[in-house]
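One structure is given below, encoded as structure tokens.
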Amino acid sequence: MRTMWKGSIQFGLVYIPIKLYTATENKDIRLRMLHKDCMAPINYTRTCSKCGQAIENDAIVKGYEYAPGQFVPISEEELSSLQDETDKHVEIINFVKLSEIDPIYYEKSYFIGPDSGNGLRAFSLLRQAINDSDKIAIANIIIRSKQHLAAIRSFEKGMLLETLYYPDEVRSIKEVPGIGDLTTENEPKEMTIANQLIEQLTTAFKPDRYKDDYRLKMEKLIEDKVAGMPVEKKKGRTAQPNVVDLLSALEASVKETKPKPRRKTATRRKKTV
């Protein structure tokens, strides 16, 4: 597992050397853009939108568009001057209950690993203290020149750091069209059936139970085409029932998801000799 960040956790006056490792991976299948005649990848060159010339990397600078078509350049030296020595520290600010953080704030997950043998004792102490407190630590961290709010919690035998969006990065749900038109009082019978449907669909969360059906179909399509096998034609979708009212739809859903009773197996009687 490749290290993507190296620094330390500042827990009061205690500094715990750590490394971060990306905890998740994107398994999307990426398709390349090809020239239809040659079946070769298309190359893209960086060109100036004003003069049209192809630009080499050493002629590219960063800048911010402060007005339409107006830019102010910002050098790498100026960006570096914004950082200080504390940028390699995960500074724990306070502790909160996990239930107090809405999932909308979570951005990306990282495994936290110890960086050296000297910090193993302090690492183990912090992990157990967080686990026993039933709380998570809120901290600041800078990753790739961007400051993040982060949550640190115990995870199995180690710890997990999850970057969080800042409040001003989360849009208000009030901006969603139609939200203000929702009713606050629903029909009691419809609510009863809806709650019954939720109860029937409730189960323990087992991640292995879920799979990316689209990706599996894409992988099979690619394997078949590489092997020169004919592509299976898509079967027609089954027609959806034409339910005109909400109550009928809920009742039909409850009936469809209701667990089927198990058949009793006949027990054979032992012959007596």
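Starting from 1 in every chain, residues are counted up; chains themselves are A, B, ... following the order of the structure tokens, and ligands are numbered from 1 as listed.
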Segment 140-149 of chain A: which residues within 8 Å, counting only C-alpha atoms, same-chain residues fewer than 3 positions away excluded, as JSON, numbers by chain?
{"A": [5, 83, 87, 88, 89, 90, 91, 92, 93, 163, 164, 165, 166]}
What does the file look like for those residues with C-alpha atoms, as a PDB file, in the first residue's frame?
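Okay, this is what ended up in part_24.pdb:
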ATOM      1  CA  TRP A   5       0.872  11.606   3.194  1.00  0.00           C
ATOM      2  CA  GLN A  83       2.398  26.965   4.267  1.00  0.00           C
ATOM      3  CA  ASP A  87       1.333  21.750   7.646  1.00  0.00           C
ATOM      4  CA  LYS A  88       2.690  18.267   8.318  1.00  0.00           C
ATOM      5  CA  HIS A  89       0.754  17.959  11.562  1.00  0.00           C
ATOM      6  CA  VAL A  90      -2.778  16.690  12.045  1.00  0.00           C
ATOM      7  CA  GLU A  91      -3.880  19.065  14.777  1.00  0.00           C
ATOM      8  CA  ILE A  92      -6.670  17.617  16.939  1.00  0.00           C
ATOM      9  CA  ILE A  93      -9.027  20.476  17.851  1.00  0.00           C
ATOM     10  CA  THR A 163     -11.729  14.447   5.355  1.00  0.00           C
ATOM     11  CA  LEU A 164     -14.839  16.567   5.792  1.00  0.00           C
ATOM     12  CA  TYR A 165     -16.399  19.330   3.759  1.00  0.00           C
ATOM     13  CA  TYR A 166     -16.481  22.716   5.463  1.00  0.00           C
TER      14      TYR A 166
END
At a cut-off of 8 Å, using only C-alpha atoms, what residues contact segment 94-102 of chain A? Leave out same-chain residues fewer than 3 positions from it and give the result as a ChimeraX atom specification.
/A:105-106,134-139
Residue list (alpha helix (DSSP H), DSSP) for segment 33-240 of chain A, as number ranges by chain:
A: 76-81, 120-133, 188-201, 213-226
Under the rule that only C-alpha atoms are counted, which of A:Pro68, A:Pro207, A:Gly113, A:Gly63 is the nearest residue to Lys6 of chain A?
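Ranking A:Pro68, A:Pro207, A:Gly113, A:Gly63 by distance to Lys6 of chain A, first place goes to A:Gly113.
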Using only C-alpha atoms, which residues sit within 10 Å of Asn43 of chain A once same-chain residues fewer than 3 positions away are excluded, as a short mmCIF file (atom, residue, chain, number, x, y, z; two decimals) with N, CA and C atoms, in the first residue's frame?
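Listing of part.cif after writing:
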data_model
loop_
_atom_site.label_atom_id
_atom_site.label_comp_id
_atom_site.auth_asym_id
_atom_site.auth_seq_id
_atom_site.Cartn_x
_atom_site.Cartn_y
_atom_site.Cartn_z
N MET A 33 -10.78 7.27 -25.85
CA MET A 33 -11.28 7.83 -27.10
C MET A 33 -10.34 7.40 -28.22
N LEU A 34 -10.88 6.74 -29.27
CA LEU A 34 -10.06 6.19 -30.35
C LEU A 34 -10.43 6.80 -31.69
N HIS A 35 -9.46 6.80 -32.61
CA HIS A 35 -9.73 7.18 -34.00
C HIS A 35 -10.43 6.00 -34.66
N ALA A 40 -6.71 3.79 -32.82
CA ALA A 40 -5.60 4.22 -31.97
C ALA A 40 -6.07 5.37 -31.09
#
How far is it from atom CA of Thr184 of chain A to atom CA of Glu169 of chain A, in Å with one decimal?
28.0 Å
Neighbour list for Lys258 of chain A as a VMD selection string, cut-off 9 Å, only C-alpha atoms, skip fewer than 6 positions in-chain:
chain A and resid 197 200 to 201
Strand (DSSP E) call set, DSSP backbone run, segment 140-238 of chain A, as a VMD selection string
chain A and resid 140 to 143 146 to 155 158 to 164
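If you measure from each of A:Glu199, A:Ser116, A:Gly69, A:Pro259 to Lys50 of chain A using only C-alpha atoms, the closest one turns out to be A:Gly69.
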Do a neighbour search on Thr47 of chain A at 12 Å with only C-alpha atoms, toss out local chain neighbours closer than 4 positions, and write the hits as a PyMOL selection string.
chain A and resi 51-57+59-60
For the residues selected in the previous step, produce a file with N, CA and C atoms as a PDB file, in the first residue's frame.
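New file again.pdb:
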ATOM      1  N   CYS A  51      -3.791  32.619 -28.665  1.00  0.00           N
ATOM      2  CA  CYS A  51      -2.954  32.591 -29.873  1.00  0.00           C
ATOM      3  C   CYS A  51      -2.997  31.249 -30.594  1.00  0.00           C
ATOM      4  N   GLY A  52      -3.529  30.217 -29.922  1.00  0.00           N
ATOM      5  CA  GLY A  52      -3.657  28.922 -30.573  1.00  0.00           C
ATOM      6  C   GLY A  52      -2.401  28.086 -30.605  1.00  0.00           C
ATOM      7  N   GLN A  53      -1.301  28.574 -30.051  1.00  0.00           N
ATOM      8  CA  GLN A  53      -0.045  27.835 -30.070  1.00  0.00           C
ATOM      9  C   GLN A  53      -0.065  26.690 -29.059  1.00  0.00           C
ATOM     10  N   ALA A  54       0.654  25.590 -29.396  1.00  0.00           N
ATOM     11  CA  ALA A  54       0.850  24.488 -28.458  1.00  0.00           C
ATOM     12  C   ALA A  54       1.809  24.953 -27.376  1.00  0.00           C
ATOM     13  N   ILE A  55       1.471  24.670 -26.113  1.00  0.00           N
ATOM     14  CA  ILE A  55       2.246  25.180 -24.986  1.00  0.00           C
ATOM     15  C   ILE A  55       2.974  24.045 -24.286  1.00  0.00           C
ATOM     16  N   GLU A  56       4.280  24.234 -24.055  1.00  0.00           N
ATOM     17  CA  GLU A  56       5.072  23.279 -23.294  1.00  0.00           C
ATOM     18  C   GLU A  56       4.849  23.507 -21.803  1.00  0.00           C
ATOM     19  N   ASN A  57       5.188  22.481 -21.000  1.00  0.00           N
ATOM     20  CA  ASN A  57       4.944  22.558 -19.551  1.00  0.00           C
ATOM     21  C   ASN A  57       5.680  23.712 -18.887  1.00  0.00           C
ATOM     22  N   ALA A  59       6.178  26.569 -19.912  1.00  0.00           N
ATOM     23  CA  ALA A  59       5.582  27.873 -20.234  1.00  0.00           C
ATOM     24  C   ALA A  59       4.201  28.039 -19.593  1.00  0.00           C
ATOM     25  N   ILE A  60       3.846  27.103 -18.703  1.00  0.00           N
ATOM     26  CA  ILE A  60       2.530  27.141 -18.051  1.00  0.00           C
ATOM     27  C   ILE A  60       2.670  27.645 -16.625  1.00  0.00           C
TER      28      ILE A  60
END
So which one's closest to Ile16 of chain A, A:Lys189, A:Arg127, A:Lys260, A:Lys217? Using only C-alpha atoms, please.
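Under the stated criterion, the closest residue is A:Arg127.
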Give me, please, the distance in Å between atom CA of Met1 of chain A and atom CA of Lys108 of chain A, quoted to one decimal.
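Separation of atom CA of Met1 of chain A and atom CA of Lys108 of chain A: 16.7 Å.
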